[in-house]
file input_9.txt (compact mmCIF, C-alpha atoms and all ligand atoms)
# COMPACT_ATOMS: atom_id res chain seq x y z
CA MET A 1 22.67 -24.60 -4.51
CA VAL A 2 19.75 -22.56 -5.83
CA LYS A 3 20.72 -19.81 -8.25
CA PHE A 4 18.73 -16.71 -9.11
CA LEU A 5 20.01 -16.86 -12.68
CA ASP A 6 22.32 -19.40 -14.34
CA LEU A 7 23.52 -18.15 -17.70
CA HIS A 8 26.39 -20.62 -17.85
CA LYS A 9 24.04 -23.57 -17.48
CA GLN A 10 21.92 -22.13 -20.28
CA TYR A 11 25.01 -21.65 -22.45
CA LEU A 12 25.98 -25.31 -22.05
CA THR A 13 22.63 -26.39 -23.51
CA ILE A 14 23.30 -24.39 -26.73
CA LYS A 15 27.09 -24.27 -26.67
CA ASP A 16 27.78 -25.69 -30.15
CA GLU A 17 25.40 -23.29 -31.88
CA ILE A 18 26.63 -20.26 -29.94
CA ASP A 19 30.31 -21.06 -30.49
CA GLN A 20 29.69 -21.56 -34.21
CA ALA A 21 27.67 -18.32 -34.47
CA ILE A 22 30.39 -16.27 -32.79
CA ALA A 23 33.10 -17.91 -34.93
CA ASP A 24 31.12 -17.06 -38.08
CA VAL A 25 30.94 -13.38 -37.15
CA ILE A 26 34.65 -13.23 -36.43
CA LYS A 27 35.46 -15.05 -39.67
CA SER A 28 33.50 -12.52 -41.73
CA SER A 29 34.53 -9.50 -39.60
CA ALA A 30 30.87 -8.41 -39.51
CA PHE A 31 31.40 -6.72 -36.15
CA ILE A 32 29.24 -3.61 -36.54
CA GLY A 33 26.11 -3.73 -38.69
CA GLY A 34 26.26 -6.25 -41.53
CA LYS A 35 24.64 -9.57 -42.23
CA TYR A 36 24.14 -10.94 -38.72
CA VAL A 37 22.57 -7.75 -37.39
CA GLN A 38 20.18 -7.64 -40.31
CA ILE A 39 19.23 -11.29 -39.91
CA PHE A 40 18.44 -10.81 -36.22
CA GLU A 41 16.50 -7.60 -36.83
CA ASP A 42 14.31 -9.36 -39.40
CA GLU A 43 13.76 -12.39 -37.16
CA PHE A 44 12.90 -10.27 -34.14
CA ALA A 45 10.51 -8.00 -36.09
CA GLU A 46 8.70 -11.12 -37.24
CA TYR A 47 8.65 -12.57 -33.72
CA VAL A 48 7.16 -9.39 -32.25
CA GLY A 49 4.78 -8.86 -35.18
CA VAL A 50 5.93 -5.49 -36.52
CA ASP A 51 7.44 -4.35 -39.83
CA ASN A 52 10.64 -2.79 -38.54
CA CYS A 53 13.24 -3.66 -35.92
CA ILE A 54 16.31 -1.49 -35.29
CA GLY A 55 19.07 -2.99 -33.16
CA CYS A 56 20.83 -0.59 -30.81
CA GLY A 57 23.31 -0.46 -27.95
CA ASN A 58 21.00 -1.27 -25.01
CA GLY A 59 17.44 -0.91 -23.76
CA THR A 60 18.00 2.53 -22.23
CA ASP A 61 19.32 3.91 -25.52
CA ALA A 62 16.35 2.31 -27.27
CA LEU A 63 13.98 4.37 -25.11
CA GLU A 64 16.00 7.54 -25.58
CA ILE A 65 16.20 7.13 -29.36
CA ALA A 66 12.48 6.31 -29.58
CA LEU A 67 11.65 9.51 -27.67
CA GLU A 68 14.03 11.58 -29.78
CA SER A 69 12.51 10.26 -33.02
CA LEU A 70 9.15 11.79 -32.05
CA ALA A 71 10.68 15.32 -32.16
CA LEU A 72 8.45 16.58 -29.33
CA PRO A 73 8.11 20.27 -28.48
CA VAL A 74 10.34 21.72 -25.75
CA GLY A 75 8.78 21.26 -22.30
CA SER A 76 6.85 18.11 -23.20
CA GLU A 77 5.71 15.86 -20.36
CA VAL A 78 6.00 12.09 -20.44
CA LEU A 79 3.99 9.75 -18.21
CA VAL A 80 6.12 7.02 -16.63
CA PRO A 81 5.15 4.48 -13.95
CA ALA A 82 6.73 5.11 -10.52
CA ASN A 83 7.25 1.37 -10.20
CA THR A 84 9.85 0.41 -12.81
CA PHE A 85 13.61 0.38 -13.36
CA ILE A 86 15.16 3.88 -13.50
CA ALA A 87 16.05 3.47 -17.19
CA THR A 88 12.46 4.26 -18.17
CA SER A 89 12.45 7.70 -16.53
CA GLU A 90 16.13 8.40 -17.11
CA ALA A 91 15.62 8.17 -20.87
CA VAL A 92 12.86 10.81 -20.69
CA THR A 93 15.10 13.32 -18.92
CA ARG A 94 18.06 12.49 -21.20
CA ALA A 95 15.86 13.14 -24.22
CA GLY A 96 15.15 16.60 -22.78
CA HIS A 97 11.61 16.08 -21.49
CA LYS A 98 9.86 16.21 -18.14
CA VAL A 99 9.15 12.97 -16.27
CA VAL A 100 5.69 12.77 -14.73
CA PHE A 101 5.43 9.75 -12.45
CA VAL A 102 2.23 7.72 -12.28
CA ASP A 103 1.28 5.30 -9.50
CA CYS A 104 0.90 1.56 -10.13
CA LYS A 105 -2.01 -0.82 -9.69
CA GLU A 106 -2.17 -3.08 -6.71
CA ASP A 107 -3.12 -6.20 -8.64
CA ASP A 108 -0.65 -6.63 -11.52
CA TYR A 109 1.68 -3.74 -10.48
CA THR A 110 1.66 -2.07 -13.91
CA ILE A 111 0.81 1.59 -14.59
CA ASP A 112 -2.43 2.85 -12.98
CA LEU A 113 -4.32 4.51 -15.82
CA ALA A 114 -6.83 6.24 -13.56
CA ASP A 115 -3.88 8.04 -11.95
CA ALA A 116 -2.33 8.65 -15.40
CA ALA A 117 -5.53 10.38 -16.57
CA LYS A 118 -5.36 12.74 -13.56
CA LYS A 119 -1.83 13.79 -14.47
CA ILE A 120 -2.41 14.65 -18.11
CA THR A 121 -1.91 18.33 -18.98
CA LYS A 122 -1.70 20.25 -22.25
CA LYS A 123 2.01 19.45 -22.30
CA THR A 124 1.62 15.68 -22.01
CA LYS A 125 2.75 14.07 -25.27
CA VAL A 126 3.80 10.49 -24.49
CA ILE A 127 2.88 7.64 -22.16
CA ILE A 128 5.34 4.81 -21.52
CA PRO A 129 3.59 1.70 -20.20
CA VAL A 130 6.09 -0.85 -18.85
CA HIS A 131 5.18 -4.54 -19.10
CA LEU A 132 6.59 -4.99 -15.65
CA TYR A 133 8.00 -8.32 -14.48
CA GLY A 134 6.73 -9.81 -17.77
CA HIS A 135 3.03 -8.98 -17.23
CA PRO A 136 1.51 -6.80 -19.97
CA ALA A 137 0.18 -3.39 -18.95
CA ASP A 138 -3.52 -2.77 -19.63
CA MET A 139 -2.93 -1.69 -23.23
CA ASN A 140 -6.59 -1.24 -24.27
CA THR A 141 -6.97 1.48 -21.63
CA VAL A 142 -3.56 2.94 -22.54
CA LEU A 143 -4.64 3.17 -26.19
CA ASP A 144 -8.02 4.72 -25.29
CA LEU A 145 -6.29 7.34 -23.18
CA ALA A 146 -3.73 7.98 -25.93
CA LYS A 147 -6.49 8.47 -28.47
CA GLU A 148 -8.48 10.80 -26.25
CA TYR A 149 -5.51 13.05 -25.42
CA ASN A 150 -3.46 12.56 -28.59
CA LEU A 151 -0.52 10.88 -26.87
CA LYS A 152 2.15 8.69 -28.43
CA VAL A 153 2.60 5.28 -26.81
CA ILE A 154 6.04 3.79 -26.23
CA GLU A 155 5.91 0.27 -24.80
CA ASP A 156 8.87 -0.55 -22.57
CA CYS A 157 9.17 -4.29 -23.24
CA ALA A 158 12.54 -4.80 -21.52
CA GLN A 159 11.07 -7.41 -19.17
CA ALA A 160 8.48 -8.94 -21.45
CA HIS A 161 9.85 -10.52 -24.65
CA GLY A 162 7.14 -12.88 -25.87
CA ALA A 163 4.41 -11.73 -23.47
CA GLU A 164 0.94 -11.52 -25.02
CA TYR A 165 -2.07 -9.24 -24.67
CA TYR A 166 -5.31 -10.55 -26.20
CA GLY A 167 -3.27 -12.88 -28.42
CA LYS A 168 -0.85 -10.23 -29.69
CA ARG A 169 2.77 -10.00 -28.61
CA VAL A 170 3.80 -6.94 -26.61
CA GLY A 171 5.82 -4.57 -28.73
CA SER A 172 3.20 -4.64 -31.48
CA LEU A 173 0.54 -2.71 -29.57
CA GLY A 174 1.71 0.93 -29.31
CA ASP A 175 3.42 3.41 -31.64
CA ILE A 176 6.95 2.33 -30.75
CA ALA A 177 8.34 -0.45 -28.56
CA THR A 178 11.72 -0.82 -26.94
CA PHE A 179 13.51 -3.97 -25.82
CA SER A 180 16.59 -4.67 -23.73
CA PHE A 181 18.77 -7.72 -24.31
CA TYR A 182 20.78 -7.22 -21.13
CA PRO A 183 22.18 -10.70 -20.33
CA GLY A 184 19.75 -11.36 -17.47
CA LYS A 185 16.60 -10.50 -19.43
CA ASN A 186 14.42 -13.32 -20.80
CA LEU A 187 16.15 -12.89 -24.16
CA GLY A 188 19.66 -11.80 -23.26
CA ALA A 189 22.82 -11.15 -25.26
CA TYR A 190 26.40 -11.75 -24.08
CA GLY A 191 26.85 -8.07 -23.31
CA ASP A 192 24.71 -4.95 -23.69
CA ALA A 193 22.18 -4.85 -26.53
CA GLY A 194 18.72 -3.47 -27.29
CA ALA A 195 16.16 -2.91 -30.03
CA ILE A 196 13.34 -0.67 -31.18
CA CYS A 197 10.27 -2.15 -32.89
CA ILE A 198 7.98 0.02 -35.04
CA TYR A 199 5.31 -0.35 -37.74
CA ASP A 200 5.81 3.18 -39.11
CA SER A 201 8.67 3.05 -41.66
CA ARG A 202 9.30 6.79 -41.50
CA LEU A 203 9.84 6.71 -37.74
CA ALA A 204 11.88 3.53 -38.10
CA LYS A 205 14.21 5.26 -40.54
CA ARG A 206 14.51 8.21 -38.18
CA CYS A 207 15.46 5.90 -35.28
CA ARG A 208 18.03 4.08 -37.39
CA MET A 209 19.62 7.38 -38.37
CA ILE A 210 19.68 8.72 -34.80
CA ALA A 211 21.42 5.52 -33.67
CA ASN A 212 24.04 5.81 -36.41
CA HIS A 213 25.33 9.40 -36.47
CA GLY A 214 22.34 10.79 -38.37
CA ARG A 215 23.14 8.89 -41.55
CA ILE A 216 21.92 6.07 -43.76
CA THR A 217 24.99 5.54 -45.94
CA LYS A 218 28.58 6.29 -45.03
CA TYR A 219 28.90 10.04 -45.62
CA ASP A 220 25.39 11.51 -45.74
CA HIS A 221 24.94 12.80 -42.17
CA GLU A 222 21.59 14.62 -42.36
CA PHE A 223 21.69 15.66 -38.71
CA GLU A 224 23.70 14.96 -35.57
CA GLY A 225 22.80 11.59 -34.16
CA ARG A 226 24.76 9.37 -31.84
CA ASN A 227 26.44 5.98 -31.78
CA SER A 228 24.22 3.24 -30.42
CA ARG A 229 24.40 0.16 -32.62
CA LEU A 230 23.82 -3.54 -32.15
CA ASP A 231 27.05 -5.41 -32.80
CA GLY A 232 27.37 -8.53 -34.93
CA ILE A 233 28.44 -10.91 -32.18
CA GLN A 234 25.49 -9.94 -29.98
CA ALA A 235 23.12 -10.24 -32.93
CA ALA A 236 24.41 -13.72 -33.78
CA VAL A 237 24.04 -14.83 -30.14
CA LEU A 238 20.50 -13.41 -30.04
CA SER A 239 19.53 -15.23 -33.26
CA VAL A 240 20.52 -18.53 -31.68
CA LYS A 241 18.74 -17.77 -28.40
CA LEU A 242 15.55 -16.46 -30.06
CA LYS A 243 14.89 -20.00 -31.33
CA TYR A 244 14.68 -21.21 -27.73
CA LEU A 245 12.80 -18.27 -26.23
CA ASN A 246 9.33 -19.79 -26.39
CA GLU A 247 10.57 -23.02 -24.84
CA TRP A 248 12.23 -21.08 -22.01
CA ILE A 249 9.07 -19.03 -21.47
CA THR A 250 7.06 -22.24 -21.18
CA LYS A 251 9.47 -23.47 -18.50
CA ARG A 252 9.27 -20.16 -16.61
CA ARG A 253 5.50 -20.37 -16.67
CA LEU A 254 5.68 -23.91 -15.31
CA VAL A 255 7.91 -22.82 -12.42
CA ALA A 256 5.46 -19.98 -11.69
CA LYS A 257 2.56 -22.43 -11.74
CA THR A 258 4.36 -24.70 -9.29
CA TYR A 259 5.15 -21.79 -6.96
CA ASN A 260 1.52 -20.64 -7.18
CA LYS A 261 0.27 -24.09 -6.24
CA LEU A 262 2.65 -24.63 -3.35
CA LEU A 263 2.61 -21.13 -1.90
CA THR A 264 -1.11 -20.48 -2.00
CA ARG A 265 -1.49 -22.13 1.41
CA LEU A 266 0.89 -19.64 3.06
CA PRO A 267 -1.40 -16.80 4.14
CA PHE A 268 1.35 -14.23 4.71
CA ILE A 269 2.28 -14.16 1.03
CA THR A 270 0.54 -12.20 -1.75
CA LEU A 271 1.14 -14.12 -4.98
CA PRO A 272 1.56 -12.57 -8.44
CA ILE A 273 -1.49 -12.69 -10.66
CA GLU A 274 -1.99 -13.23 -14.37
CA LYS A 275 -4.94 -11.27 -15.72
CA ASN A 276 -7.43 -12.80 -18.15
CA ASN A 277 -6.43 -12.56 -21.82
CA VAL A 278 -2.73 -12.02 -21.14
CA LYS A 279 0.30 -14.26 -21.21
CA HIS A 280 2.72 -13.43 -18.40
CA VAL A 281 6.33 -14.42 -19.18
CA TYR A 282 7.57 -14.17 -15.57
CA HIS A 283 10.83 -12.34 -16.12
CA LEU A 284 10.42 -11.97 -12.36
CA TYR A 285 8.24 -13.88 -9.92
CA VAL A 286 7.38 -11.18 -7.41
CA ILE A 287 5.61 -11.94 -4.14
CA ARG A 288 4.70 -9.51 -1.37
CA VAL A 289 5.24 -9.97 2.36
CA LYS A 290 4.70 -7.52 5.20
CA GLU A 291 7.80 -8.57 7.14
CA ARG A 292 10.22 -8.37 4.29
CA GLU A 293 13.39 -7.55 6.20
CA ALA A 294 12.99 -10.64 8.37
CA LEU A 295 12.25 -12.78 5.31
CA VAL A 296 15.34 -11.52 3.50
CA LYS A 297 17.45 -12.45 6.54
CA HIS A 298 15.85 -15.89 6.68
CA PHE A 299 16.70 -16.51 3.02
CA LEU A 300 20.24 -15.24 3.52
CA LYS A 301 20.70 -17.67 6.42
CA ASN A 302 19.47 -20.52 4.21
CA ASN A 303 21.76 -19.45 1.37
CA ILE A 304 18.94 -18.87 -1.13
CA PRO A 305 19.22 -15.80 -3.34
CA LEU A 306 16.42 -13.23 -3.55
CA GLY A 307 15.84 -10.01 -5.45
CA MET A 308 13.80 -6.87 -4.82
CA HIS A 309 12.22 -5.11 -7.78
CA TYR A 310 12.24 -2.42 -6.67
CA PRO A 311 12.99 -1.54 -3.02
CA ILE A 312 12.72 2.23 -3.55
CA SER A 313 9.90 3.75 -5.57
CA LEU A 314 11.43 5.99 -8.28
CA PRO A 315 10.02 9.30 -6.92
CA ASP A 316 11.69 8.49 -3.57
CA LEU A 317 15.16 8.06 -5.07
CA LYS A 318 17.81 10.71 -4.46
CA ALA A 319 17.96 11.13 -8.24
CA TYR A 320 14.43 12.57 -8.11
CA SER A 321 14.75 14.59 -4.92
CA CYS A 322 14.00 17.75 -6.88
CA LEU A 323 10.50 16.54 -7.81
CA ASP A 324 7.68 18.56 -6.31
CA ASP A 325 4.89 16.01 -6.27
CA TYR A 326 5.44 13.28 -3.68
CA ASN A 327 1.90 12.66 -2.61
CA SER A 328 0.46 10.43 -5.21
CA PHE A 329 2.52 7.24 -5.20
CA LYS A 330 0.85 5.43 -2.33
CA LYS A 331 0.66 2.05 -3.97
CA SER A 332 4.18 2.18 -5.44
CA ARG A 333 5.55 3.03 -2.00
CA LEU A 334 3.60 0.28 -0.30
CA LEU A 335 4.91 -2.15 -2.90
CA ALA A 336 8.51 -0.97 -2.56
CA GLY A 337 8.42 -2.00 1.09
CA GLU A 338 6.99 -5.48 0.48
CA VAL A 339 8.24 -6.93 -2.82
CA VAL A 340 10.48 -9.99 -2.98
CA SER A 341 11.55 -11.68 -6.22
CA LEU A 342 11.99 -15.45 -5.95
CA PRO A 343 14.43 -17.32 -8.21
CA ILE A 344 12.78 -18.20 -11.52
CA GLY A 345 14.03 -19.44 -14.87
CA GLU A 346 14.47 -22.46 -17.08
CA HIS A 347 17.60 -23.36 -15.07
CA LEU A 348 15.67 -24.30 -11.91
CA ARG A 349 15.41 -27.98 -11.01
CA GLU A 350 12.47 -29.43 -9.10
CA GLU A 351 14.59 -29.67 -5.95
CA ASP A 352 15.50 -25.98 -6.28
CA ILE A 353 11.84 -25.03 -6.29
CA GLU A 354 11.23 -27.31 -3.29
CA GLN A 355 14.06 -25.63 -1.39
CA VAL A 356 12.68 -22.16 -2.04
CA VAL A 357 9.19 -23.24 -0.96
CA LYS A 358 10.56 -24.94 2.14
CA CYS A 359 12.43 -21.77 3.08
CA LEU A 360 9.15 -19.86 2.92
CA GLU A 361 7.31 -22.54 4.89
CA THR A 362 9.84 -22.37 7.72
CA PHE A 363 9.65 -18.60 7.94
C1 LIG B 401 16.48 -3.54 -18.10
C2 LIG B 401 15.48 -2.49 -18.28
C3 LIG B 401 15.71 -1.37 -19.10
C4 LIG B 401 17.05 -0.99 -19.62
O1 LIG B 401 17.70 -1.87 -20.38
P1 LIG B 401 19.31 -1.84 -20.52
O2 LIG B 401 19.53 -2.73 -21.69
O3 LIG B 401 19.87 -2.35 -19.26
O4 LIG B 401 19.71 -0.43 -20.81
C5 LIG B 401 14.66 -0.50 -19.33
N1 LIG B 401 13.45 -0.69 -18.78
C6 LIG B 401 13.20 -1.72 -17.96
C7 LIG B 401 11.83 -1.88 -17.38
C8 LIG B 401 14.20 -2.65 -17.67
O5 LIG B 401 13.94 -3.68 -16.86
call {"tool": "encode", "arguments": {"input": "input_9.txt", "output": "structure tokens"}}
result
Amino acid sequence: MVKFLDLHKQYLTIKDEIDQAIADVIKSSAFIGGKYVQIFEDEFAEYVGVDNCIGCGNGTDALEIALESLALPVGSEVLVPANTFIATSEAVTRAGHKVVFVDCKEDDYTIDLADAAKKITKKTKVIIPVHLYGHPADMNTVLDLAKEYNLKVIEDCAQAHGAEYYGKRVGSLGDIATFSFYPGKNLGAYGDAGAICIYDSRLAKRCRMIANHGRITKYDHEFEGRNSRLDGIQAAVLSVKLKYLNEWITKRRLVAKTYNKLLTRLPFITLPIEKNNVKHVYHLYVIRVKEREALVKHFLKNNIPLGMHYPISLPDLKAYSCLDDYNSFKKSRLLAGEVVSLPIGEHLREEDIEQVVKCLETF
């Protein structure tokens, strides 16, 4: 049977190392903070190509803490793509700022910077490009816009560990970057976990303090922070899995290449693209079809799992029913009605891919 994700199969390939890593943490009682967290933070900072990595509770907290560290004025506006997971916009509101949604592009589905430029006001302070599905946003244009309007850039890298833009890894391109290690992400923990990556040591220190009750050492709370820390067991698991990440990305890219080759002859499907000078890590392999409801039924009948990322554009969610501007998300809305995510991952066998392709051919 084809699976959308198979974390148990992945575990079996690294079982001895994972079991040992978890046993080591338990033996040393390094449950919160400590040696294993520090080791992973150092390894991940090096992997991404930044000076500082701060582990935290999850990817949503990472965004919230990153925003808080910037100490923006009251009433600040933050540009967020309409086509992403709700965590990106939720964090903005939670941090006390105003979400301003921006439409997406029709080719790689990341933030549309022409639309972003139109929505900039005097109050706009931050732009959050999301490297959606594993494809890097157009960071050169993001950085130009940020320079022109004096905006901070927070990269949401939750879906794009290891993705590259002109030879540099995502997470090293803006002012701050946030990662999620939710189990199903390309680098996933065995529970909730996240991280913030930053060059600037002053901001890094600020983030670390916010995530740990406003302190550095045990009793010196300089301000009220919160509790959002990476735990030792998750860090140890992530250290093991980080060693295999590039290999798993290579396999994902191979599956994507095979899908591309076999599906290109089906005219009713719009395939995902990979722009020049980027490396797409295919957290999701998202196709578009006009008759999505019928296709979903066809897959259900054939017992093949599918995803939709995302079936409702964020501005159309009930959570945002108080927004006043509904008119400018044409492409996000179009996309929401057509996207289908096919199974992808290093767990797929050749016959799994064949089955998925066959199911599309018989549609
Ligand atoms: C998963 C995800 C997050 C949130 O991460 P959690 O660890 O689940 O809190 C944020 N942004 C995007 C784009 C995501 O896909």
call {"tool": "residues_near_ligand", "arguments": {"input": "input_9.txt", "ligand": "ligand LIG 401 (chain B)", "cutoff": "7 Å", "atoms": "all atoms listed in the file", "output": "ChimeraX atom specification"}}
result
/A:58-61,84-85,87-88,130,132,156-159,180-182,192-194
call {"tool": "residues_around", "arguments": {"input": "input_9.txt", "residues": "A:Ala114", "least_positions_apart": "5", "cutoff": "10 Å", "atoms": "all atoms listed in the file", "output": "MDAnalysis selection string"}}
result
chainID A and resid 102:105 119 141 145
call {"tool": "residues_around", "arguments": {"input": "input_9.txt", "residues": "stretch 263-268 of chain A", "least_positions_apart": "5", "cutoff": "9 Å", "atoms": "all atoms listed in the file", "output": "ChimeraX atom specification"}}
result
/A:258,288-291,357,360-361
call {"tool": "residues_around", "arguments": {"input": "input_9.txt", "residues": "A:Pro311", "least_positions_apart": "4", "cutoff": "10 Å", "atoms": "all atoms listed in the file", "output": "PDB file with C-alpha atoms, keeping the file's coordinate frame"}}
result
ATOM      1  CA  ASN A  83       7.250   1.370 -10.200  1.00  0.00           C
ATOM      2  CA  GLY A 307      15.840 -10.010  -5.450  1.00  0.00           C
ATOM      3  CA  SER A 332       4.180   2.180  -5.440  1.00  0.00           C
ATOM      4  CA  ARG A 333       5.550   3.030  -2.000  1.00  0.00           C
ATOM      5  CA  LEU A 334       3.600   0.280  -0.300  1.00  0.00           C
ATOM      6  CA  LEU A 335       4.910  -2.150  -2.900  1.00  0.00           C
ATOM      7  CA  ALA A 336       8.510  -0.970  -2.560  1.00  0.00           C
ATOM      8  CA  GLY A 337       8.420  -2.000   1.090  1.00  0.00           C
ATOM      9  CA  GLU A 338       6.990  -5.480   0.480  1.00  0.00           C
ATOM     10  CA  VAL A 339       8.240  -6.930  -2.820  1.00  0.00           C
ATOM     11  CA  VAL A 340      10.480  -9.990  -2.980  1.00  0.00           C
TER      12      VAL A 340
END
call {"tool": "atom_distance", "arguments": {"input": "input_9.txt", "atom1": "atom CA of A:Ile65", "atom2": "atom CA of A:Cys207"}}
result
6.1 Å
call {"tool": "residues_around", "arguments": {"input": "input_9.txt", "residues": "A:Ala160", "least_positions_apart": "6", "cutoff": "8 Å", "atoms": "all atoms listed in the file", "output": "list in words"}}
result
His131, Leu132, Tyr133, Gly134, His135, Pro136, Val170, Asn186, His280, Val281, Tyr282 and His283 of chain A
call {"tool": "closest_residue", "arguments": {"input": "input_9.txt", "among": "A:Pro183, A:Gly214, A:Gly167, A:Gly188", "to": "A:Glu68", "atoms": "all atoms listed in the file"}}
result
A:Gly214
call {"tool": "atom_distance", "arguments": {"input": "input_9.txt", "atom1": "atom CA of A:Val78", "atom2": "atom CA of A:Lys331"}}
result
20.0 Å
call {"tool": "axis_aligned_box", "arguments": {"input": "input_9.txt", "around": "stretch 245-263 of chain A", "padding_each_side": "8 Å", "output": "lines of an AutoDock Vina configuration file"}}
result
center_x = 6.5
center_y = -21.5
center_z = -14.1
size_x = 28.5
size_y = 22.4
size_z = 40.5
call {"tool": "residues_around", "arguments": {"input": "input_9.txt", "residues": "A:Ile86", "least_positions_apart": "3", "cutoff": "10 Å", "atoms": "only C-alpha atoms", "output": "list in words"}}
result
Thr60, Ala82, Asn83, Ser89, Glu90, Ala91, Tyr310, Ser313, Leu314, Pro315, Leu317 and Ala319 of chain A
call {"tool": "atom_distance", "arguments": {"input": "input_9.txt", "atom1": "atom CA of A:Gly174", "atom2": "atom CA of A:Leu151"}}
result
10.5 Å
call {"tool": "closest_residue", "arguments": {"input": "input_9.txt", "among": "A:His97, A:His8, A:Arg292, A:His161", "to": "A:Ile269", "atoms": "all atoms listed in the file"}}
result
A:Arg292
call {"tool": "closest_atom_pairs", "arguments": {"input": "input_9.txt", "of": "stretch 1-86 of chain A", "to": "stretch 215-238 of chain A", "cutoff": "7 Å", "atoms": "all atoms listed in the file", "output": "JSON lines"}}
result
{"residue": "A:Ile18", "atom": "CA", "partner": "A:Val237", "partner_atom": "CA", "distance": 6.0}
{"residue": "A:Ala21", "atom": "CA", "partner": "A:Ala236", "partner_atom": "CA", "distance": 5.7}
{"residue": "A:Ile22", "atom": "CA", "partner": "A:Ile233", "partner_atom": "CA", "distance": 5.7}
{"residue": "A:Val25", "atom": "CA", "partner": "A:Ile233", "partner_atom": "CA", "distance": 6.1}
{"residue": "A:Ala30", "atom": "CA", "partner": "A:Gly232", "partner_atom": "CA", "distance": 5.8}
{"residue": "A:Phe31", "atom": "CA", "partner": "A:Gly232", "partner_atom": "CA", "distance": 4.6}
{"residue": "A:Ile32", "atom": "CA", "partner": "A:Asp231", "partner_atom": "CA", "distance": 4.7}
{"residue": "A:Gly33", "atom": "CA", "partner": "A:Asp231", "partner_atom": "CA", "distance": 6.2}
{"residue": "A:Tyr36", "atom": "CA", "partner": "A:Gly232", "partner_atom": "CA", "distance": 5.5}
{"residue": "A:Val37", "atom": "CA", "partner": "A:Ala235", "partner_atom": "CA", "distance": 5.1}
{"residue": "A:Phe40", "atom": "CA", "partner": "A:Ala235", "partner_atom": "CA", "distance": 5.7}
{"residue": "A:Gly55", "atom": "CA", "partner": "A:Leu230", "partner_atom": "CA", "distance": 4.9}
{"residue": "A:Cys56", "atom": "CA", "partner": "A:Arg229", "partner_atom": "CA", "distance": 4.1}
{"residue": "A:Gly57", "atom": "CA", "partner": "A:Ser228", "partner_atom": "CA", "distance": 4.5}
{"residue": "A:Asp61", "atom": "CA", "partner": "A:Ser228", "partner_atom": "CA", "distance": 7.0}
call {"tool": "closest_residue", "arguments": {"input": "input_9.txt", "among": "A:Ile344, A:Ala23, A:Ala66, A:Ala294", "to": "A:Trp248", "atoms": "all atoms listed in the file"}}
result
A:Ile344
